[in-house]
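The structure under discussion appears below in the form of structure tokens.
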Amino acid sequence: MTDEQSGAPQSASGDALPRPVLRKRRTNASLIWLVPVLAAIVGASLVVSSWLQAGPDITISFESAQGLAAGKTPVKYKDVVIGKVDKIRLSGDRSHVLVKVALEKSAKAFATTGTRYWVVRPRIGLGGVSGVDTLFSGAYIGADTGDSSAEEDEFKGLETPPAVTHGEPGKSYTLHADDLGSLDIGSPVYFRRIQVGRVVSYQLDKDGKGVSLAVFIDSPNDRFVDTDTRFWNASGVDVSLGANGLKLNAQSLATVLAGGLAFQDPNGPHDATPAADGASFRLFNDEATAMAPPDGEPHYIRMRFDQSLRGLAVGAPVEFLGMNFGHVVSVRMDYDEKTQRFPFIVGAVIYPERLGQANAKLVALARKNGDNADISHMVGKLVEHGLRAQARTGNLLTGQLYIALDFLPHAAKANYDPDARPLEIPTAPGSFDKLQEQMVDIVGKLDKIPFDQIGNHLNDSLASLDATLKQVNGETLPALNGTLGDARKTLGMANNTLSADSPLQQNLGSTLQEVQRTMRSLRVLTDYLGVHPESLLRGRQADPKPTEPKPAPANPNRSQP
Amino acid sequence: MSAPPRADELGLLGCHVCGQVCRAPGAGEGDAVPACPRCGSVLHRRKPAVYARTWALLIAAFLMYVPANVLPIMRTASLGDIDDNTIISGVVELWVKGSPGLAVIVFCASIVVPMLKFLALGTLLVTCRRGSNWARRQRAQLYRLVELIGYWSMLDVFVVALLTALVRFGFFSLVEPLPGVVFFGLTVVLTMFASMCFDPRLIWDGKEDSDD
């Protein structure tokens, strides 16, 4: 290896040249081979570590590869990258996309049955917004572990993120409802208006007669779910018009739009044992029904009405003395050959336990008396006391009917068979029907009144009145007009005559003055005559001299008579 | 024509550092190495262990070159969009995104030059070992070329270092170096060492008679 073979020292002319200093050799040249060895070790360690880190390869099928990029899109679990998309290709039938994912070694547990994968994209729904971070970073594949440890390398990707991640603390429950309403996966579940869970999945029951919903309640609020807890659908707005006025009730704006559930314990004593994981509950339509005491066993009854049942709808309430304890389930028409009429057969479901204490007491009493405590026999007793079913008008405006079970004091005796199935309750015409009959009577009587003749007479009278009025208008009134004109003229003349500067007034004034003068001279005359009555006979004497103050009046008085 | 006498043939040694010429020591000095009487640096007739060192460093460089190309060298993150690039993928990306000129530069600096160095040094080593006197002048030129371009091979490393230092805008834009660039830098350094270890005088140490 060493090339340092010293050449043969040859005698040279340059002996003046110095000789080199000799030192001890310090390093072995072959140590240089450590460098490539080191490099090889580093390289090998890289290879080994990458080989060790290489996890399983899995294939996930999605509906579309929107937002996914080969070699770039990460697979994340709890926001930790556990793998990367390696390749994206179409499936053989081109119906979906196959995404090949290289998982990391540490993520081996994710290549097991039950692991769920979905694409996280920005999602904007009524319930909220999710995946905003992917707006910039691009979509990624979310993963969630399963329970199984069986290895699996083919997965079907979910199109929407799962509502519950594996191992999340909390409990899931099953709710049974008649229909889904406006609920959806992810719809919130409220407890005292705080969101404590969400709807995880829903599916039709096997017989197609209902819907089963799975809800998940997060820990620690799952402890509020008791075996007696009532769930109800809190979607939309609850508007109730009561004695207190209009009341509007909604859980939250989100539930109004997107639907939601609520649950609560019933008031009063109840079983407070926490419900087990996976327990089943009934989902009520509204809070009122949910919080009502349990209905107990339903009983089917049948009623036969001989009247029109316009306005009686399926679902109409059945009330016992005003207490709602059932509802109509069917209204069918029948034909009675004997009477040739069309009676209605109304089927209804009643819940005697809704009557509460009354029912309990009745049952207890029947037992004590040794009677059959069966509902049909108890109803029989009540029928004997006049219990009848009536179709009554609940709302005069809309004409809605409901079925009332009431005691009628003068009810005709009815046949009741306690053993008949279904139970048939005798009926009585409704009060409104009676009213209707009376109204018909009144109308009939009204009908007999000769409105035609009365009308004709009235017409004639009106015609003659018309003629009279015409006469008055045409003749009397113009004449009256003339008269009034004359009267006005007269009055004007009178006015002229009486005015202050009229000649009549002047004449009258002077006349009165003349009269005054006349009266004065007359008085003088009478005075004179009083004094000189003789002057009547002798005539007037010459006047005495003014210097002789003789009583003048005596003279005329004496001279006059 | 006869070649001029070589220093070796005259029993002379030249100092690499100060140029002092002195007489070569005799064979009987055992393990001791000669040192320059003037400046004290070690004297060699030829660089010691040329083949071993050069080969070793060249092989090490080649071993480093593999991860340098396989591992990503740079991570660019802009607006959360994270992109890891290896040398080749970077070149391809530049080419595809409409910068063929840049792509060619990066390709030359990162791939052609290192490969050229491996080939050139390998050729030199093999031919010298065999004492071939084939194309001696051109081989000498080749060696000078290898020395020259050695400085420029660090282009990639500089680019990554510069970008990493300059592009630091947090969420909006970020450049991070990845392990590949370390291996690439090691490759470049090792090839430079390898070319330093090589003694070009070996080219002329071939058989005398077939001198061109």
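Numbering starts fresh at 1 for the residues of each chain in the structure tokens, the chains themselves are lettered A, B, ... in the order given, and ligands are numbered from 1 as they appear.
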
Residues within 9 Å of range 60-63 of chain A, only C-alpha atoms, excluding chain neighbours under 6 positions, as a JSON list (two decimals) with N, CA and C atoms, in the first residue's frame:
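out.json, freshly written:
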[["chain", "number", "residue", "atom", "x", "y", "z"],
["A", 91, "SER", "N", -59.88, 2.41, -9.25],
["A", 91, "SER", "CA", -60.16, 1.00, -9.10],
["A", 91, "SER", "C", -60.44, 0.40, -10.47],
["A", 95, "SER", "N", -65.09, 2.93, -10.35],
["A", 95, "SER", "CA", -66.15, 3.50, -9.54],
["A", 95, "SER", "C", -65.60, 4.26, -8.35],
["A", 96, "HIS", "N", -64.39, 3.97, -7.94],
["A", 96, "HIS", "CA", -63.83, 4.69, -6.82],
["A", 96, "HIS", "C", -62.31, 4.78, -6.96],
["A", 97, "VAL", "N", -61.73, 5.40, -5.97],
["A", 97, "VAL", "CA", -60.31, 5.69, -6.03],
["A", 97, "VAL", "C", -59.60, 4.83, -4.99],
["A", 98, "LEU", "N", -58.49, 4.24, -5.38],
["A", 98, "LEU", "CA", -57.71, 3.46, -4.42],
["A", 98, "LEU", "C", -56.48, 4.27, -4.04],
["A", 99, "VAL", "N", -56.36, 4.52, -2.76],
["A", 99, "VAL", "CA", -55.24, 5.32, -2.27],
["A", 99, "VAL", "C", -54.31, 4.39, -1.52],
["A", 100, "LYS", "N", -53.09, 4.31, -1.99],
["A", 100, "LYS", "CA", -52.11, 3.45, -1.32],
["A", 100, "LYS", "C", -51.37, 4.32, -0.31],
["A", 101, "VAL", "N", -51.37, 3.86, 0.92],
["A", 101, "VAL", "CA", -50.79, 4.64, 2.00],
["A", 101, "VAL", "C", -49.64, 3.83, 2.60],
["A", 117, "TYR", "N", -60.78, 5.28, 8.15],
["A", 117, "TYR", "CA", -60.05, 6.37, 7.49],
["A", 117, "TYR", "C", -61.06, 7.27, 6.79],
["A", 118, "TRP", "N", -60.77, 8.54, 6.80],
["A", 118, "TRP", "CA", -61.63, 9.49, 6.09],
["A", 118, "TRP", "C", -60.78, 10.68, 5.68],
["A", 119, "VAL", "N", -61.26, 11.41, 4.72],
["A", 119, "VAL", "CA", -60.52, 12.57, 4.25],
["A", 119, "VAL", "C", -61.00, 13.80, 5.01],
["A", 153, "ASP", "N", -55.24, -4.93, 5.22],
["A", 153, "ASP", "CA", -54.58, -3.90, 4.42],
["A", 153, "ASP", "C", -55.50, -3.28, 3.37],
["A", 154, "GLU", "N", -56.77, -3.64, 3.41],
["A", 154, "GLU", "CA", -57.72, -3.02, 2.49],
["A", 154, "GLU", "C", -58.79, -2.35, 3.34],
["A", 155, "PHE", "N", -58.98, -1.08, 3.11],
["A", 155, "PHE", "CA", -59.97, -0.36, 3.91],
["A", 155, "PHE", "C", -60.91, 0.40, 2.99],
["A", 156, "LYS", "N", -62.10, 0.61, 3.54],
["A", 156, "LYS", "CA", -63.04, 1.45, 2.81],
["A", 156, "LYS", "C", -63.11, 2.77, 3.55],
["A", 157, "GLY", "N", -62.74, 3.83, 2.87],
["A", 157, "GLY", "CA", -62.70, 5.15, 3.51],
["A", 157, "GLY", "C", -64.09, 5.68, 3.76],
["A", 158, "LEU", "N", -64.27, 6.39, 4.87],
["A", 158, "LEU", "CA", -65.55, 7.03, 5.16],
["A", 158, "LEU", "C", -65.64, 8.33, 4.37],
["A", 159, "GLU", "N", -66.85, 8.67, 4.00],
["A", 159, "GLU", "CA", -67.01, 9.93, 3.27],
["A", 159, "GLU", "C", -67.16, 11.10, 4.22]]

Using DSSP on the backbone coordinates, identify all residues within chain B classified as helix (DSSP H, G or I); present the result as a VMD selection string. chain B and resid 27 to 29 50 to 70 87 to 96 100 to 129 136 to 166 179 to 197 200 to 205

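The gap separating CA of Val47 in chain A from CA of Leu103 in chain A is 17.2 Å, in Å to one decimal.
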
Hey, what's within 7 Å of range 205-222 of chain A if we count only C-alpha atoms and toss same-chain stuff fewer than 4 positions away? As number ranges by chain, please? A: 169-180, 196-201

Report as a PyMOL selection string all protein, DNA and RNA residues lying within 12 Å of range 102-110 of chain B, evaluated on only C-alpha atoms, omitting residues in the same chain fewer than 6 positions from it. chain B and resi 65+68-69+73+86-96+116-117+149-160+181+184-185+187-188

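CA of Thr73 in chain A lies 11.9 Å from CA of Arg121 in chain A.
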
Smallest atom-to-atom distance to Phe171 in chain B: which of A:Asp133, A:Val349, A:Asp466, A:Val189, using only C-alpha atoms?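 The closest residue to Phe171 in chain B is A:Asp133.
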
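For the residues A:Asp452, A:Arg116, A:Gly138, A:Pro122, ranking by smallest atom-to-atom distance to chain B using only C-alpha atoms places A:Gly138 first.
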
Per residue of chain B within 9 Å of chain A, record the nearest atom pair and its distance in Å to one decimal, counting only C-alpha atoms, with rows in chain order and ascending residue number, as a tab-separated table.
residue	atom	partner	partner_atom	distance
B:Asp8	CA	A:Gly7	CA	6.8
B:Glu9	CA	A:Gly7	CA	7.5
B:Leu10	CA	A:Ala12	CA	6.2
B:Gly11	CA	A:Pro9	CA	5.5
B:Leu12	CA	A:Ala12	CA	8.7
B:Leu13	CA	A:Pro20	CA	8.6
B:Val21	CA	A:Leu17	CA	7.1
B:Cys22	CA	A:Pro18	CA	5.0
B:Arg23	CA	A:Arg19	CA	5.1
B:Ala24	CA	A:Arg19	CA	6.9
B:Pro25	CA	A:Pro20	CA	6.9
B:Gly26	CA	A:Pro9	CA	5.9
B:Ala27	CA	A:Ser6	CA	6.0
B:Glu29	CA	A:Leu22	CA	8.2
B:Asp31	CA	A:Arg25	CA	6.0
B:Ala32	CA	A:Lys24	CA	4.5
B:Val33	CA	A:Arg23	CA	5.1
B:Pro34	CA	A:Leu22	CA	4.4
B:Ala35	CA	A:Val21	CA	4.8
B:Cys36	CA	A:Pro20	CA	5.4
B:Pro37	CA	A:Pro20	CA	5.3
B:Arg38	CA	A:Pro20	CA	8.8
B:Gly40	CA	A:Val21	CA	7.9
B:Val42	CA	A:Arg23	CA	8.6
B:Leu43	CA	A:Pro20	CA	7.9
B:His44	CA	A:Glu4	CA	7.8
B:Arg45	CA	A:Glu4	CA	7.2
B:Arg46	CA	A:Glu4	CA	7.1
B:Lys47	CA	A:Glu4	CA	8.2
B:Pro48	CA	A:Glu4	CA	6.3
B:Ala49	CA	A:Thr2	CA	5.1
B:Val50	CA	A:Asp3	CA	7.4
B:Tyr51	CA	A:Met1	CA	7.5
B:Ala52	CA	A:Met1	CA	6.7
B:Arg53	CA	A:Ile32	CA	5.7
B:Thr54	CA	A:Ile32	CA	9.0
B:Trp55	CA	A:Trp33	CA	8.7
B:Ala56	CA	A:Trp33	CA	5.4
B:Leu57	CA	A:Pro36	CA	6.3
B:Leu58	CA	A:Pro36	CA	8.0
B:Ile59	CA	A:Pro36	CA	5.8
B:Ala60	CA	A:Pro36	CA	3.9
B:Ala61	CA	A:Pro36	CA	7.7
B:Phe62	CA	A:Ala39	CA	8.8
B:Leu63	CA	A:Ala39	CA	6.0
B:Met64	CA	A:Ala39	CA	6.3
B:Val66	CA	A:Gly43	CA	7.9
B:Pro67	CA	A:Gly43	CA	6.9
B:Ser78	CA	A:Ser137	CA	8.4
B:Leu79	CA	A:Phe136	CA	5.5
B:Gly80	CA	A:Ser137	CA	4.2
B:Asp81	CA	A:Ser137	CA	4.4
B:Ile82	CA	A:Ser137	CA	7.3
B:Asp83	CA	A:Lys72	CA	7.2
B:Asp84	CA	A:Lys72	CA	8.3

Expressed in Å to a single decimal, how great is the separation between CA of Leu408 in chain A and CA of Val379 in chain A?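 Value for the CA of Leu408 in chain A-CA of Val379 in chain A distance: 14.5 Å.
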
With DSSP run on the backbone, what are the strand (DSSP E) residues within range 17-120 of chain B? I'd like them as an MDAnalysis selection string. chainID B and resid 21:23 33:35 74:78 81:85

Report as a ChimeraX atom specification all protein, DNA and RNA residues lying within 9 Å of Met303 in chain A, evaluated on only C-alpha atoms, omitting residues in the same chain fewer than 3 positions from it. /A:344-348,389,423-427

Take the residues just selected and output them with C-alpha atoms as a PDB file, in the first residue's frame.
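The resulting file, again.pdb, is shown below:
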ATOM      1  CA  PHE A 344    -118.503   4.892  11.466  1.00  0.00           C
ATOM      2  CA  ILE A 345    -116.220   2.535  13.337  1.00  0.00           C
ATOM      3  CA  VAL A 346    -113.653   4.510  15.293  1.00  0.00           C
ATOM      4  CA  GLY A 347    -110.694   2.689  16.766  1.00  0.00           C
ATOM      5  CA  ALA A 348    -108.728   4.314  19.541  1.00  0.00           C
ATOM      6  CA  ALA A 389    -118.449   8.034  23.970  1.00  0.00           C
ATOM      7  CA  LEU A 423    -113.589  -3.531  23.578  1.00  0.00           C
ATOM      8  CA  GLU A 424    -116.591  -1.727  22.200  1.00  0.00           C
ATOM      9  CA  ILE A 425    -117.787   1.326  24.068  1.00  0.00           C
ATOM     10  CA  PRO A 426    -121.376   2.493  23.479  1.00  0.00           C
ATOM     11  CA  THR A 427    -121.758   5.913  22.002  1.00  0.00           C
TER      12      THR A 427
END

Please provide the set of residues having any atom within 8 Å of Leu121 in chain B, restricted to only C-alpha atoms, with same-chain residues fewer than 6 positions apart removed, written as a list in words. Leu58, Tyr143, Val146 and Ser195 of chain B

What does the file look like for those residues with N, CA and C atoms, as a PDB file, in the first residue's frame?
ATOM      1  N   LEU B  58     -12.710   8.525  -1.812  1.00  0.00           N
ATOM      2  CA  LEU B  58     -13.634   8.512  -2.946  1.00  0.00           C
ATOM      3  C   LEU B  58     -14.795   7.551  -2.683  1.00  0.00           C
ATOM      4  N   TYR B 143      -7.136  16.498 -13.950  1.00  0.00           N
ATOM      5  CA  TYR B 143      -6.945  16.672 -12.511  1.00  0.00           C
ATOM      6  C   TYR B 143      -7.141  18.134 -12.113  1.00  0.00           C
ATOM      7  N   VAL B 146     -10.726  18.937 -12.031  1.00  0.00           N
ATOM      8  CA  VAL B 146     -11.394  18.405 -10.836  1.00  0.00           C
ATOM      9  C   VAL B 146     -11.129  19.314  -9.641  1.00  0.00           C
ATOM     10  N   SER B 195      -9.464  14.513  -3.905  1.00  0.00           N
ATOM     11  CA  SER B 195      -8.632  15.106  -4.958  1.00  0.00           C
ATOM     12  C   SER B 195      -7.378  15.741  -4.365  1.00  0.00           C
TER      13      SER B 195
END

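Among the candidates A:Arg304, A:Ala358, A:Ala411, A:Thr273, the residue lying nearest to Arg332 in chain A is A:Arg304 (atoms considered: only C-alpha atoms).
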